Every structure is written in C-alpha cells, then in structure tokens.
file final-v7.txt (compact mmCIF, C-alpha atoms and all ligand atoms)
# COMPACT_ATOMS: atom_id res chain seq x y z
CA MET A 1 33.89 20.65 59.49
CA ILE A 2 32.25 21.78 62.73
CA LYS A 3 29.00 20.37 63.99
CA VAL A 4 26.23 22.98 64.17
CA GLY A 5 23.59 23.01 66.89
CA VAL A 6 20.23 24.73 66.37
CA ILE A 7 17.89 25.47 69.27
CA GLY A 8 14.21 25.80 68.42
CA SER A 9 12.66 23.89 65.54
CA GLY A 10 10.11 26.52 64.53
CA ALA A 11 10.08 28.41 61.24
CA MET A 12 13.55 29.92 61.67
CA GLY A 13 15.37 27.05 63.42
CA SER A 14 14.19 24.54 60.81
CA GLY A 15 15.30 26.81 57.96
CA ILE A 16 18.70 27.50 59.52
CA ALA A 17 19.25 23.76 60.08
CA GLN A 18 18.49 23.14 56.41
CA VAL A 19 20.96 25.83 55.32
CA ALA A 20 23.76 24.44 57.54
CA ALA A 21 23.09 20.85 56.44
CA ASN A 22 23.05 21.96 52.81
CA ALA A 23 26.55 23.39 53.38
CA GLY A 24 27.70 19.94 54.55
CA HIS A 25 27.61 20.34 58.33
CA ALA A 26 26.33 17.72 60.72
CA VAL A 27 23.42 19.50 62.42
CA VAL A 28 21.61 18.74 65.63
CA ILE A 29 18.32 20.51 66.23
CA TYR A 30 16.70 20.68 69.65
CA ASP A 31 13.28 21.79 70.85
CA THR A 32 11.43 21.46 74.15
CA ASN A 33 8.28 20.69 72.21
CA LYS A 34 8.36 17.17 70.72
CA SER A 35 5.62 17.83 68.21
CA ALA A 36 7.54 20.90 66.94
CA LEU A 37 10.51 18.60 66.24
CA GLU A 38 8.30 16.12 64.38
CA LYS A 39 6.70 18.95 62.40
CA SER A 40 10.14 20.28 61.51
CA LYS A 41 11.26 16.89 60.26
CA SER A 42 8.21 16.31 58.09
CA ALA A 43 8.35 19.90 56.76
CA LEU A 44 11.98 19.34 55.73
CA ASP A 45 11.05 16.08 53.98
CA THR A 46 8.30 17.89 52.05
CA THR A 47 10.63 20.77 51.14
CA LEU A 48 13.37 18.44 49.92
CA LYS A 49 10.89 16.43 47.82
CA LYS A 50 9.69 19.66 46.20
CA LEU A 51 13.26 20.79 45.50
CA VAL A 52 14.01 17.44 43.83
CA ALA A 53 10.78 17.58 41.81
CA LYS A 54 11.69 21.07 40.61
CA GLN A 55 15.22 19.80 39.81
CA LYS A 56 16.75 22.38 42.13
CA ILE A 57 18.73 19.64 43.90
CA SER A 58 19.50 16.00 43.11
CA GLU A 59 17.96 13.10 45.01
CA GLN A 60 21.39 12.33 46.40
CA LYS A 61 21.77 15.89 47.72
CA ALA A 62 18.32 15.70 49.32
CA SER A 63 19.18 12.49 51.16
CA GLU A 64 22.56 13.96 52.17
CA ILE A 65 20.82 17.00 53.68
CA SER A 66 18.30 14.95 55.63
CA SER A 67 20.95 12.47 56.83
CA HIS A 68 23.03 15.39 58.16
CA ILE A 69 20.26 16.50 60.55
CA THR A 70 19.51 14.78 63.83
CA TYR A 71 16.66 15.74 66.16
CA ALA A 72 17.30 15.94 69.90
CA ASP A 73 15.25 16.48 73.03
CA ASP A 74 18.22 17.01 75.32
CA LEU A 75 20.55 20.03 75.40
CA LYS A 76 23.45 17.65 76.15
CA SER A 77 23.40 16.67 72.46
CA PHE A 78 25.25 19.95 71.82
CA VAL A 79 28.39 18.76 73.65
CA ASP A 80 30.51 18.41 70.47
CA CYS A 81 29.18 21.42 68.51
CA GLY A 82 31.46 24.20 67.22
CA LEU A 83 28.61 26.67 66.70
CA ILE A 84 25.15 26.88 68.20
CA ILE A 85 22.42 29.11 66.77
CA GLU A 86 19.49 29.76 69.07
CA ALA A 87 16.09 30.38 67.43
CA VAL A 88 13.52 29.97 70.21
CA ILE A 89 10.66 32.33 71.02
CA GLU A 90 11.50 36.04 71.25
CA ASN A 91 11.74 36.23 75.04
CA LEU A 92 14.84 37.59 76.76
CA GLU A 93 14.52 35.51 79.94
CA VAL A 94 14.04 32.26 77.99
CA LYS A 95 17.08 33.03 75.83
CA LYS A 96 19.28 34.03 78.78
CA LYS A 97 18.41 30.83 80.65
CA LEU A 98 19.36 28.77 77.60
CA PHE A 99 22.71 30.54 77.11
CA TYR A 100 23.48 30.06 80.80
CA GLU A 101 22.74 26.33 80.55
CA LEU A 102 24.64 25.93 77.28
CA GLU A 103 27.84 27.30 78.71
CA ASN A 104 27.99 24.38 81.11
CA ILE A 105 27.56 21.84 78.31
CA VAL A 106 29.60 22.99 75.32
CA SER A 107 33.37 23.13 74.81
CA ASP A 108 35.29 26.36 75.51
CA ASP A 109 35.72 27.18 71.83
CA CYS A 110 32.09 26.67 70.77
CA LEU A 111 30.54 29.89 69.41
CA LEU A 112 27.12 30.83 70.75
CA ALA A 113 24.76 32.80 68.50
CA SER A 114 21.22 34.11 68.74
CA ASN A 115 18.87 34.63 65.79
CA THR A 116 16.89 37.24 67.73
CA SER A 117 15.15 39.93 65.63
CA SER A 118 14.90 42.60 68.26
CA LEU A 119 16.60 41.74 71.55
CA SER A 120 19.98 43.06 72.62
CA ILE A 121 22.83 40.60 71.95
CA THR A 122 24.79 42.15 74.82
CA SER A 123 21.92 41.46 77.17
CA ILE A 124 21.58 37.79 76.05
CA ALA A 125 25.37 37.37 76.40
CA SER A 126 25.26 38.69 79.95
CA ALA A 127 23.91 35.30 81.06
CA CYS A 128 27.30 33.75 80.18
CA LYS A 129 30.63 33.84 82.01
CA ASN A 130 32.49 34.07 78.71
CA THR A 131 30.63 36.78 76.80
CA SER A 132 33.37 37.12 74.15
CA ARG A 133 32.06 34.14 72.14
CA VAL A 134 28.42 35.26 72.02
CA LEU A 135 27.03 37.11 68.99
CA GLY A 136 23.94 37.64 66.87
CA ILE A 137 23.55 35.74 63.59
CA HIS A 138 20.28 37.02 62.19
CA PHE A 139 18.71 35.14 59.28
CA PHE A 140 15.61 36.31 57.41
CA ASN A 141 12.47 34.30 56.81
CA PRO A 142 12.51 31.86 55.01
CA ALA A 143 16.17 31.22 55.87
CA PRO A 144 16.90 28.84 52.95
CA ILE A 145 15.66 31.44 50.44
CA MET A 146 16.53 34.87 51.82
CA PRO A 147 20.20 35.60 51.07
CA LEU A 148 20.91 38.15 53.82
CA VAL A 149 22.35 37.38 57.26
CA GLU A 150 23.18 40.14 59.75
CA ILE A 151 26.21 39.45 61.95
CA ILE A 152 25.95 41.35 65.24
CA PRO A 153 28.77 41.45 67.77
CA GLY A 154 27.71 42.45 71.29
CA ILE A 155 29.83 44.96 73.20
CA SER A 156 32.16 42.26 74.53
CA THR A 157 32.21 39.91 71.53
CA ASP A 158 35.73 39.04 70.40
CA LYS A 159 36.59 40.50 67.00
CA ASP A 160 37.77 37.09 65.77
CA VAL A 161 34.46 35.52 66.78
CA ALA A 162 32.55 37.97 64.55
CA GLU A 163 35.02 37.52 61.67
CA THR A 164 35.06 33.72 61.88
CA SER A 165 31.27 33.58 61.99
CA LYS A 166 30.97 35.97 59.05
CA LYS A 167 33.32 33.83 56.95
CA LEU A 168 31.48 30.66 57.92
CA ILE A 169 28.04 32.03 57.00
CA ASP A 170 29.47 33.43 53.74
CA SER A 171 30.68 29.91 52.95
CA TRP A 172 27.06 28.74 53.31
CA GLY A 173 26.24 30.88 50.25
CA LYS A 174 24.72 33.75 52.24
CA ILE A 175 25.41 37.48 51.99
CA THR A 176 26.53 38.79 55.36
CA VAL A 177 26.57 42.33 56.69
CA LEU A 178 28.01 43.55 59.96
CA ALA A 179 25.62 45.48 62.23
CA LYS A 180 26.02 47.24 65.53
CA ASP A 181 24.07 45.84 68.48
CA THR A 182 21.28 48.43 68.32
CA PRO A 183 17.49 47.86 68.17
CA GLY A 184 16.37 46.24 64.92
CA PHE A 185 20.01 45.98 63.74
CA ILE A 186 19.92 47.21 60.11
CA VAL A 187 16.85 45.92 58.29
CA ASN A 188 14.28 45.99 61.08
CA ARG A 189 15.34 49.52 61.98
CA VAL A 190 15.66 51.11 58.55
CA ALA A 191 12.51 49.50 57.11
CA ARG A 192 10.20 50.81 59.85
CA SER A 193 9.13 53.94 58.00
CA TYR A 194 8.02 51.94 54.95
CA TYR A 195 5.17 50.77 57.17
CA GLY A 196 4.88 53.66 59.63
CA GLU A 197 4.79 56.54 57.16
CA SER A 198 2.39 54.68 54.87
CA ILE A 199 -0.01 54.09 57.77
CA ARG A 200 0.29 57.75 58.74
CA ILE A 201 -0.63 58.79 55.19
CA TYR A 202 -3.69 56.53 55.41
CA GLU A 203 -4.63 57.85 58.87
CA GLU A 204 -4.55 61.41 57.59
CA GLY A 205 -7.07 60.42 54.92
CA ILE A 206 -4.67 61.24 52.07
CA ALA A 207 -5.21 57.86 50.38
CA ASP A 208 -6.55 54.37 51.03
CA PHE A 209 -4.50 51.17 51.40
CA ALA A 210 -4.81 50.13 47.76
CA THR A 211 -3.73 53.55 46.48
CA ILE A 212 -0.71 53.74 48.78
CA ASP A 213 0.32 50.19 47.79
CA TRP A 214 -0.08 51.10 44.12
CA ALA A 215 1.97 54.31 44.55
CA LEU A 216 4.93 52.50 46.10
CA ARG A 217 4.86 49.72 43.51
CA GLU A 218 4.35 52.09 40.58
CA PHE A 219 6.71 54.93 41.45
CA GLY A 220 9.12 53.11 43.79
CA GLY A 221 9.37 49.75 42.07
CA PHE A 222 8.78 47.91 45.37
CA LYS A 223 7.61 44.33 44.79
CA MET A 224 4.87 44.70 47.39
CA GLY A 225 3.17 47.78 48.75
CA PRO A 226 3.45 48.35 52.52
CA PHE A 227 -0.06 47.11 53.37
CA GLU A 228 0.25 44.01 51.19
CA LEU A 229 3.62 43.37 52.83
CA MET A 230 2.36 43.83 56.41
CA ASP A 231 -0.52 41.42 55.66
CA PHE A 232 2.04 38.98 54.25
CA ILE A 233 4.44 39.23 57.21
CA GLY A 234 1.54 39.18 59.69
CA ASN A 235 0.31 42.22 61.60
CA ASP A 236 1.03 40.43 64.89
CA ILE A 237 4.75 40.08 64.06
CA ASN A 238 5.06 43.44 62.28
CA TYR A 239 3.28 45.35 65.06
CA LYS A 240 5.38 43.70 67.79
CA VAL A 241 8.66 44.50 66.01
CA THR A 242 7.58 48.15 65.63
CA GLU A 243 6.58 48.38 69.28
CA THR A 244 9.83 46.75 70.48
CA VAL A 245 12.05 48.95 68.30
CA TRP A 246 10.21 52.09 69.48
CA GLU A 247 10.46 51.11 73.16
CA GLN A 248 14.12 50.18 72.87
CA PHE A 249 14.91 53.52 71.24
CA PHE A 250 13.51 55.20 74.35
CA TYR A 251 10.30 56.17 72.52
CA GLU A 252 11.94 57.86 69.55
CA PRO A 253 9.03 59.51 67.62
CA ARG A 254 10.31 58.29 64.23
CA PHE A 255 9.52 54.70 65.27
CA LYS A 256 6.20 55.35 67.01
CA PRO A 257 3.67 52.55 66.32
CA SER A 258 0.23 53.38 64.95
CA LEU A 259 -3.18 52.84 66.48
CA THR A 260 -4.42 51.59 63.11
CA GLN A 261 -2.10 48.59 63.20
CA LYS A 262 -2.57 48.08 66.93
CA ARG A 263 -6.33 47.74 66.42
CA LEU A 264 -5.77 45.21 63.62
CA PHE A 265 -3.49 43.28 65.96
CA GLU A 266 -6.07 43.40 68.78
CA ALA A 267 -8.81 42.19 66.43
CA ASN A 268 -6.62 39.25 65.29
CA TYR A 269 -6.62 40.74 61.79
CA PHE A 270 -3.13 39.40 61.20
CA GLY A 271 -3.33 39.42 57.41
CA ARG A 272 -3.14 36.52 54.98
CA LYS A 273 -2.74 33.87 57.66
CA SER A 274 -5.94 34.91 59.49
CA GLY A 275 -7.94 35.68 56.34
CA LYS A 276 -8.21 39.39 57.10
CA GLY A 277 -5.83 42.26 57.62
CA TYR A 278 -5.70 45.54 55.76
CA TYR A 279 -7.34 43.52 52.98
CA ASP A 280 -9.92 40.78 53.01
CA TYR A 281 -8.54 37.36 51.96
CA SER A 282 -11.75 35.37 52.29
CA GLU A 283 -12.97 33.42 49.30
CA GLY A 284 -14.58 35.59 46.67
CA ALA A 285 -13.38 38.84 48.28
CA VAL A 286 -12.58 41.49 45.70
CA LYS A 287 -9.43 43.51 46.15
CA PRO A 288 -10.21 47.25 46.15
CA GLU A 289 -9.01 49.26 43.17
CA PRO A 290 -6.44 52.01 43.72
CA GLN A 291 -7.13 55.57 42.74
CA LYS A 292 -4.52 55.84 40.00
CA ASN A 293 -3.84 59.54 40.29
CA GLU A 294 -0.24 60.16 39.21
CA GLU A 295 0.25 63.37 41.19
CA LEU A 296 -1.07 61.77 44.38
CA GLY A 297 0.98 58.61 43.79
CA LYS A 298 4.22 60.56 43.38
CA GLN A 299 3.47 62.63 46.45
CA ILE A 300 2.99 59.43 48.51
CA PHE A 301 6.18 57.86 47.15
CA ASN A 302 8.24 61.03 47.77
CA ARG A 303 7.13 61.17 51.40
CA VAL A 304 7.83 57.50 52.16
CA ILE A 305 11.16 57.37 50.32
CA ALA A 306 12.36 60.55 52.08
CA MET A 307 11.68 58.91 55.45
CA LEU A 308 13.44 55.69 54.41
CA VAL A 309 16.51 57.42 53.01
CA ASN A 310 16.75 59.62 56.12
CA GLU A 311 16.64 56.51 58.33
CA ALA A 312 19.44 54.82 56.37
CA ILE A 313 21.53 58.01 56.54
CA ASP A 314 20.98 58.29 60.28
CA ALA A 315 22.03 54.64 60.74
CA LEU A 316 25.21 55.44 58.80
CA TYR A 317 25.78 58.55 60.91
CA LEU A 318 25.44 56.50 64.10
CA ASN A 319 27.84 53.80 62.82
CA VAL A 320 25.26 51.02 62.75
CA ALA A 321 26.92 49.70 59.58
CA THR A 322 29.02 50.78 56.61
CA LYS A 323 27.31 52.49 53.67
CA GLU A 324 27.91 49.39 51.52
CA ASP A 325 26.38 47.06 54.12
CA LEU A 326 23.42 49.38 54.69
CA ASP A 327 22.52 49.27 50.99
CA LEU A 328 23.20 45.54 50.68
CA ALA A 329 20.99 44.79 53.69
CA MET A 330 17.92 46.50 52.24
CA THR A 331 18.24 44.92 48.79
CA LYS A 332 19.05 41.40 50.02
CA GLY A 333 17.06 41.33 53.28
CA VAL A 334 13.78 42.94 52.17
CA ASN A 335 14.13 42.98 48.37
CA TYR A 336 14.14 46.76 47.97
CA PRO A 337 14.77 47.62 44.32
CA LYS A 338 17.77 49.80 45.28
CA GLY A 339 19.93 50.48 48.30
CA LEU A 340 18.53 53.53 50.11
CA LEU A 341 21.76 55.57 50.13
CA LYS A 342 22.22 55.04 46.40
CA TRP A 343 18.54 55.85 45.90
CA GLY A 344 18.98 59.06 47.87
CA ASP A 345 21.93 59.99 45.64
CA GLU A 346 19.77 59.42 42.56
CA ILE A 347 16.75 61.39 43.80
CA GLY A 348 19.10 64.12 45.02
CA LEU A 349 19.91 64.54 48.70
CA GLN A 350 18.78 68.16 48.59
CA ASN A 351 15.36 66.97 47.33
CA ILE A 352 15.12 64.44 50.18
CA LEU A 353 16.08 67.19 52.63
CA ASN A 354 13.47 69.56 51.16
CA THR A 355 10.71 66.95 51.52
CA LEU A 356 11.61 66.35 55.17
CA THR A 357 11.96 70.04 55.99
CA ASP A 358 8.54 70.72 54.43
CA LEU A 359 7.00 67.91 56.49
CA GLN A 360 8.69 69.13 59.66
CA ASP A 361 7.49 72.70 59.04
CA LYS A 362 3.97 71.52 58.30
CA TYR A 363 3.55 69.14 61.25
CA GLY A 364 6.03 70.55 63.73
CA GLU A 365 6.91 66.99 64.70
CA ASP A 366 10.32 65.59 65.59
CA ARG A 367 9.45 62.53 63.56
CA TYR A 368 10.37 64.43 60.38
CA ARG A 369 13.69 65.90 61.51
CA PRO A 370 16.42 65.35 58.93
CA SER A 371 19.56 63.51 60.01
CA VAL A 372 22.49 65.80 60.66
CA LEU A 373 24.48 63.79 58.11
CA LEU A 374 21.82 64.38 55.43
CA LYS A 375 22.04 68.13 56.06
CA LYS A 376 25.83 68.05 55.87
CA ILE A 377 26.09 65.99 52.66
CA ALA A 378 23.31 67.98 50.96
CA LYS A 379 24.95 71.27 51.90
CA GLU A 380 28.28 70.09 50.51
CA ASN A 381 26.48 68.94 47.37
CA LYS A 382 28.06 65.52 47.75
CA LYS A 383 26.80 61.95 47.28
CA PHE A 384 27.26 58.73 49.21
CA PHE A 385 28.42 56.82 46.13
CA SER A 386 30.12 58.59 43.27
N1 LIG B 1 9.76 34.44 61.97
C1 LIG B 1 10.52 35.38 61.46
O1 LIG B 1 10.17 36.04 60.47
C2 LIG B 1 11.86 35.66 62.07
C3 LIG B 1 12.87 36.22 61.26
C4 LIG B 1 14.14 36.43 61.82
C5 LIG B 1 14.35 36.11 63.16
N2 LIG B 1 13.35 35.58 63.91
C6 LIG B 1 13.66 35.24 65.31
O2 LIG B 1 13.92 33.83 65.36
C7 LIG B 1 13.47 33.31 66.62
C8 LIG B 1 12.49 32.19 66.38
O3 LIG B 1 11.41 32.65 65.62
P1 LIG B 1 10.40 31.65 64.87
O4 LIG B 1 9.55 32.49 64.00
O5 LIG B 1 11.14 30.50 64.30
O6 LIG B 1 9.53 31.13 66.12
P2 LIG B 1 8.60 29.84 66.21
O7 LIG B 1 7.54 30.19 67.18
O8 LIG B 1 8.21 29.35 64.84
O9 LIG B 1 9.56 28.72 66.85
C9 LIG B 1 10.11 28.80 68.14
C10 LIG B 1 10.40 27.38 68.61
O10 LIG B 1 11.15 27.47 69.83
C11 LIG B 1 10.72 26.42 70.68
N3 LIG B 1 11.09 26.75 72.05
C12 LIG B 1 10.51 27.64 72.90
N4 LIG B 1 11.20 27.69 74.06
C13 LIG B 1 12.22 26.82 73.95
C14 LIG B 1 13.30 26.44 74.79
N5 LIG B 1 13.44 26.95 76.02
N6 LIG B 1 14.20 25.51 74.35
C15 LIG B 1 14.06 24.97 73.12
N7 LIG B 1 13.06 25.31 72.25
C16 LIG B 1 12.17 26.22 72.68
C17 LIG B 1 9.23 26.32 70.44
O11 LIG B 1 8.75 25.05 70.81
C18 LIG B 1 9.15 26.55 68.92
O12 LIG B 1 9.21 25.34 68.19
C19 LIG B 1 12.92 34.49 67.40
O13 LIG B 1 13.93 35.02 68.22
C20 LIG B 1 12.55 35.48 66.30
O14 LIG B 1 12.59 36.82 66.75
C21 LIG B 1 12.12 35.33 63.39
call {"tool": "encode", "arguments": {"input": "final-v7.txt", "output": "structure tokens"}}
result
Amino acid sequence: MIKVGVIGSGAMGSGIAQVAANAGHAVVIYDTNKSALEKSKSALDTTLKKLVAKQKISEQKASEISSHITYADDLKSFVDCGLIIEAVIENLEVKKKLFYELENIVSDDCLLASNTSSLSITSIASACKNTSRVLGIHFFNPAPIMPLVEIIPGISTDKDVAETSKKLIDSWGKITVLAKDTPGFIVNRVARSYYGESIRIYEEGIADFATIDWALREFGGFKMGPFELMDFIGNDINYKVTETVWEQFFYEPRFKPSLTQKRLFEANYFGRKSGKGYYDYSEGAVKPEPQKNEELGKQIFNRVIAMLVNEAIDALYLNVATKEDLDLAMTKGVNYPKGLLKWGDEIGLQNILNTLTDLQDKYGEDRYRPSVLLKKIAKENKKFFS
C-alpha cells in the first residue's frame, strides 16, 4: 500500500489525512506552521475519541488511524510517498512553488495532486517538468464526512494517472466524479446560481432572506436555504469562490457576484463563525419569520431551479462531465435532493426553458440565456434520463 503525503494541515489537509489513514495508508502530513500541525493532531485525537464514544469506530481502529499519521516539518519526508495531495492556502504562486520543489524530492512514479477549489490544475502543473502525473483531487469539507471527490485531469495529465487516482479514492469509500479542468469544476460552477439568483431576488425586493430560504426548503426540498447555507459556509469563502469563478470565466454574466454579498464580506459579516451574516447569530437573536405565501414561494423556487438546471445542462453541453457525474456531484457534494438534470426532466425541460425565456425577455440580460442544449432537448421533447 502506497504512502500518502498531505501538504497543509488546515481544515482540508487534516480531513484528507484522516480519510487516507482510515483506508490503511501510512500518511505523512506537512505544514510550514508548527502550531497548525499541533492543532491538526489534537483535533484528530478529539475527533477519534468522539467517533469511539459514538461507537462509529472501535478503539483499536482509532489507535490504528492515529498511528498511521506522522507529522513533518520538512518536505523531504515525502521522499517515499506514492501520492501527495496538496491542501495549502488557495494561492497559485504558493502552490506552484511547492509542486516545483516536490518534483526534486519524490520518486518518478509519485502522483502529485492538488485539492484546489478554484485554481487551474493545468496552471499548477506547469511548475513541473513532468506534468503528466499532476491532477486535481478535490475533496469537500469536511473531507471525512462528505462522500464526493472530484477528479480533475489537467490538459497534459496522463489518462492512467486519472484512472489510477479515481480507483484509489473509490477504494477509500468515496464517490468520485471526473471533471474537466474548468473554473469551479462541477460543484462550485453549477451551484453558483443557488446563491446568485437568490441574492438577485432579494436585491429586487421580491422577498426577504427568510422567505427565500423558506421557499427553497419548502418547494425544492433543499436542506438549507441559500442564505442559511452561505452563512454556514462563510460569506468570505463563498464570496471569494464566486468572484474567482466569474473572473476565470472572463466575466460571464451568469456568474457575476453581488454587491449585497460583497458588502457583507467587507463588513466581516461572514455568517455563523463571526456571529452575523445574512442573519444575526448573537445570543438571544430571533430569527425572522418568512412570509409563507405559496404563490410567491413557488415563483422563487421556479426561478432558482431554472437557473440551476440551465447551468448543469450547459456544463453537460461543454463536456465538463457526463450527465451521470453531473447529477451525482450535486447530490453527493452539496446534498441537493435530486440531480439537476433529472430534476429538469421531472419539471419538464420546456417549462425550464419558458421560465428562462420569460426572464430574458423581461430583463434583457445575457445572464438568463438558455443553454443551446436545453433549447435542443426541449424542442425534440426529449429527456436526459428516460
Ligand atoms: N475549506 C473548504 O471548504 C475547502 C473545500 C475544498 C477545497 N478547499 C481547498 O483546500 C485548500 C486548503 O483549504 P483549507 O480550508 O484547508 O485552508 P486552511 O487555511 O484551513 O489550511 C491551509 C494550511 O496550509 C498551510 N500552508 C500555507 N502555506 C504553506 C506551504 N507553503 N507549505 C505547507 N503548508 C502551508 C497553512 O499553515 C495552513 O495550515 C485550498 O486550496 C482550498 O481552496 C477548501
């Protein structure tokens, strides 16, 4: 069994190390910040104790997992690794420097992966002489709990490298999907309109946060409404992902960030973690009541779901992933109640098209243009899944 190296012992690196150790690998985790390494170790101890207390794992398994992980403050500790997953801060120059340095340390057959959420894999790989062994292996937060992992080959990644990595991560009990090296890969691209369109509805004064959240829970079956979810993820992270995806798509209007969220970000209203976001989380604060108007709720849901389905269809049209992987990614990566293509089939693709065409007519904005594939399938009266 290969030894796995993890770079960065923050939230993601620590979780990925736990997943690999749980699958029986020897894991070495490295960080430039000593206190981050110590924090990671004590957080793992706490997590394992909790898992034992809840009888999710045995005491023996817990001690096996922790004995599999070693903590290093020198990159040279990666010399005998078969796979390295990088999970340091989201900064292209920092990542490129690391990949450049790694290549001079590891063996020729060691695979090099990045857990980046939004940077180009091809660009990270360009720091290496051998770009064919570099790929994206994108876990979701928290890595030990979220089942989805996106596998992203760069333009020069060897086919075998992607296949071997996919099989390996599958063997760790994860659900893998293959995604093209495009901004946001699958989930962080397709999910953008859940947030963006909901904010737009608020900005237009159609409904308040609580009502929009209620509408998407009530009529869409989403576990969390968009504003609750943004406050949960953190408006700093969510805003930055939106901004990066928009910039990397050469300012595509469908991904345009909102001033509402930017102001929250600027005010440090990050959400739950800062005590205030779209909602107030201070002690004694009362959550506002939604306006439970069924007609309004359905109208909100129809608008948001049409944007989401259109985005998934466009990703299919542009070969970002297969239709099966697109639907799997949204149910396993962000807990959507249904895959968006299947959902579109159920609502009726002509209905989705009508909603978008109405919005485009009304606003005259490119943001609402239907995907050419949606138009084609609706015209042919077909479905994505029979
Ligand atoms: N947090 C998420 O929800 C999430 C989800 C999926 C992917 N990601 C991606 O995973 C990566 C890490 O995110 P995170 O949330 O764990 O960040 P984090 O801030 O919690 O941890 C980053 C760690 O990297 C360390 N670090 C910084 N520069 C380093 C270097 N040169 N060498 C070694 N260690 C270094 C820091 O000390 C820190 O401990 C990012 O690329 C992010 O985009 C994050």
call {"tool": "atom_distance", "arguments": {"input": "final-v7.txt", "atom1": "atom CA of A:Asn319", "atom2": "atom CA of A:Lys180"}}
result
7.3 Å
call {"tool": "closest_residue", "arguments": {"input": "final-v7.txt", "among": "A:Glu103, A:Asp80, A:Asp361, A:Glu203", "to": "A:Thr260", "atoms": "only C-alpha atoms"}}
result
A:Glu203
call {"tool": "residues_near_ligand", "arguments": {"input": "final-v7.txt", "ligand": "ligand LIG 1 (chain B)", "cutoff": "6 Å", "atoms": "only C-alpha atoms and all ligand atoms", "output": "compact mmCIF listing (two decimals) with C-alpha atoms, in the coordinates of the input"}}
result
# COMPACT_ATOMS: atom_id res chain seq x y z
CA ILE A 7 17.89 25.47 69.27
CA GLY A 8 14.21 25.80 68.42
CA SER A 9 12.66 23.89 65.54
CA GLY A 10 10.11 26.52 64.53
CA ALA A 11 10.08 28.41 61.24
CA MET A 12 13.55 29.92 61.67
CA GLY A 13 15.37 27.05 63.42
CA ASP A 31 13.28 21.79 70.85
CA THR A 32 11.43 21.46 74.15
CA ASN A 33 8.28 20.69 72.21
CA ALA A 36 7.54 20.90 66.94
CA ALA A 87 16.09 30.38 67.43
CA VAL A 88 13.52 29.97 70.21
CA ILE A 89 10.66 32.33 71.02
CA GLU A 90 11.50 36.04 71.25
CA VAL A 94 14.04 32.26 77.99
CA ASN A 115 18.87 34.63 65.79
CA THR A 116 16.89 37.24 67.73
CA SER A 117 15.15 39.93 65.63
CA PHE A 139 18.71 35.14 59.28
CA PHE A 140 15.61 36.31 57.41
CA ASN A 141 12.47 34.30 56.81
call {"tool": "residues_around", "arguments": {"input": "final-v7.txt", "residues": "stretch 329-337 of chain A", "least_positions_apart": "6", "cutoff": "9 Å", "atoms": "only C-alpha atoms", "output": "list in words"}}
result
Phe139, Phe140, Met146, Pro147, Leu148, Val149, Glu150, Ile175, Thr176, Val177, Ile186, Val187, Val190, Ala191, Gly220, Gly221, Phe222 and Lys223 of chain A
call {"tool": "closest_residue", "arguments": {"input": "final-v7.txt", "among": "A:Ile377, A:Ile124, A:Leu48, A:Val28", "to": "A:Gly154", "atoms": "all atoms listed in the file"}}
result
A:Ile124
call {"tool": "atom_distance", "arguments": {"input": "final-v7.txt", "atom1": "atom CA of A:Lys273", "atom2": "atom CA of A:Gly297"}}
result
28.6 Å
call {"tool": "closest_residue", "arguments": {"input": "final-v7.txt", "among": "A:Ile151, A:Leu328, A:Ile300, A:Leu44", "to": "A:Asp170", "atoms": "only C-alpha atoms"}}
result
A:Ile151
call {"tool": "residues_around", "arguments": {"input": "final-v7.txt", "residues": "stretch 66-72 of chain A", "least_positions_apart": "5", "cutoff": "7 Å", "atoms": "all atoms listed in the file", "output": "compact mmCIF listing (two decimals) with C-alpha atoms, keeping the file's coordinate frame"}}
result
# COMPACT_ATOMS: atom_id res chain seq x y z
CA ALA A 21 23.09 20.85 56.44
CA HIS A 25 27.61 20.34 58.33
CA ALA A 26 26.33 17.72 60.72
CA VAL A 27 23.42 19.50 62.42
CA VAL A 28 21.61 18.74 65.63
CA ILE A 29 18.32 20.51 66.23
CA TYR A 30 16.70 20.68 69.65
CA LEU A 37 10.51 18.60 66.24
CA SER A 77 23.40 16.67 72.46
call {"tool": "atom_distance", "arguments": {"input": "final-v7.txt", "atom1": "atom CA of A:Asp236", "atom2": "atom CA of A:Ser118"}}
result
14.4 Å
call {"tool": "residues_near_point", "arguments": {"input": "final-v7.txt", "point": "(28.1, 47.0, 57.4)", "cutoff": "6 Å", "atoms": "only C-alpha atoms", "output": "PDB file with C-alpha atoms, in the frame of the given file"}}
result
ATOM      1  CA  VAL A 177      26.570  42.330  56.690  1.00  0.00           C
ATOM      2  CA  LEU A 178      28.010  43.550  59.960  1.00  0.00           C
ATOM      3  CA  ALA A 179      25.620  45.480  62.230  1.00  0.00           C
ATOM      4  CA  ALA A 321      26.920  49.700  59.580  1.00  0.00           C
ATOM      5  CA  THR A 322      29.020  50.780  56.610  1.00  0.00           C
ATOM      6  CA  ASP A 325      26.380  47.060  54.120  1.00  0.00           C
ATOM      7  CA  LEU A 326      23.420  49.380  54.690  1.00  0.00           C
TER       8      LEU A 326
END
call {"tool": "residues_around", "arguments": {"input": "final-v7.txt", "residues": "A:Gln60", "least_positions_apart": "4", "cutoff": "12 Å", "atoms": "all atoms listed in the file", "output": "PyMOL selection string"}}
result
chain A and resi 22+48-49+51-52+55-56+64-67
call {"tool": "closest_residue", "arguments": {"input": "final-v7.txt", "among": "A:Ala62, A:Val79, A:Leu296, A:Ile16", "to": "A:Lys50", "atoms": "only C-alpha atoms"}}
result
A:Ala62
call {"tool": "closest_residue", "arguments": {"input": "final-v7.txt", "among": "A:Gly275, A:Gly184, A:Pro290, A:Pro142", "to": "A:Trp214", "atoms": "all atoms listed in the file"}}
result
A:Pro290
call {"tool": "closest_residue", "arguments": {"input": "final-v7.txt", "among": "A:Asp213, A:Glu283, A:Asp208, A:Glu311", "to": "A:Asn188", "atoms": "all atoms listed in the file"}}
result
A:Glu311
call {"tool": "residues_around", "arguments": {"input": "final-v7.txt", "residues": "A:Ala215", "least_positions_apart": "2", "cutoff": "7 Å", "atoms": "all atoms listed in the file", "output": "list in words"}}
result
Thr211, Ile212, Asp213, Arg217, Glu218, Phe219, Gly297, Lys298, Ile300 and Phe301 of chain A
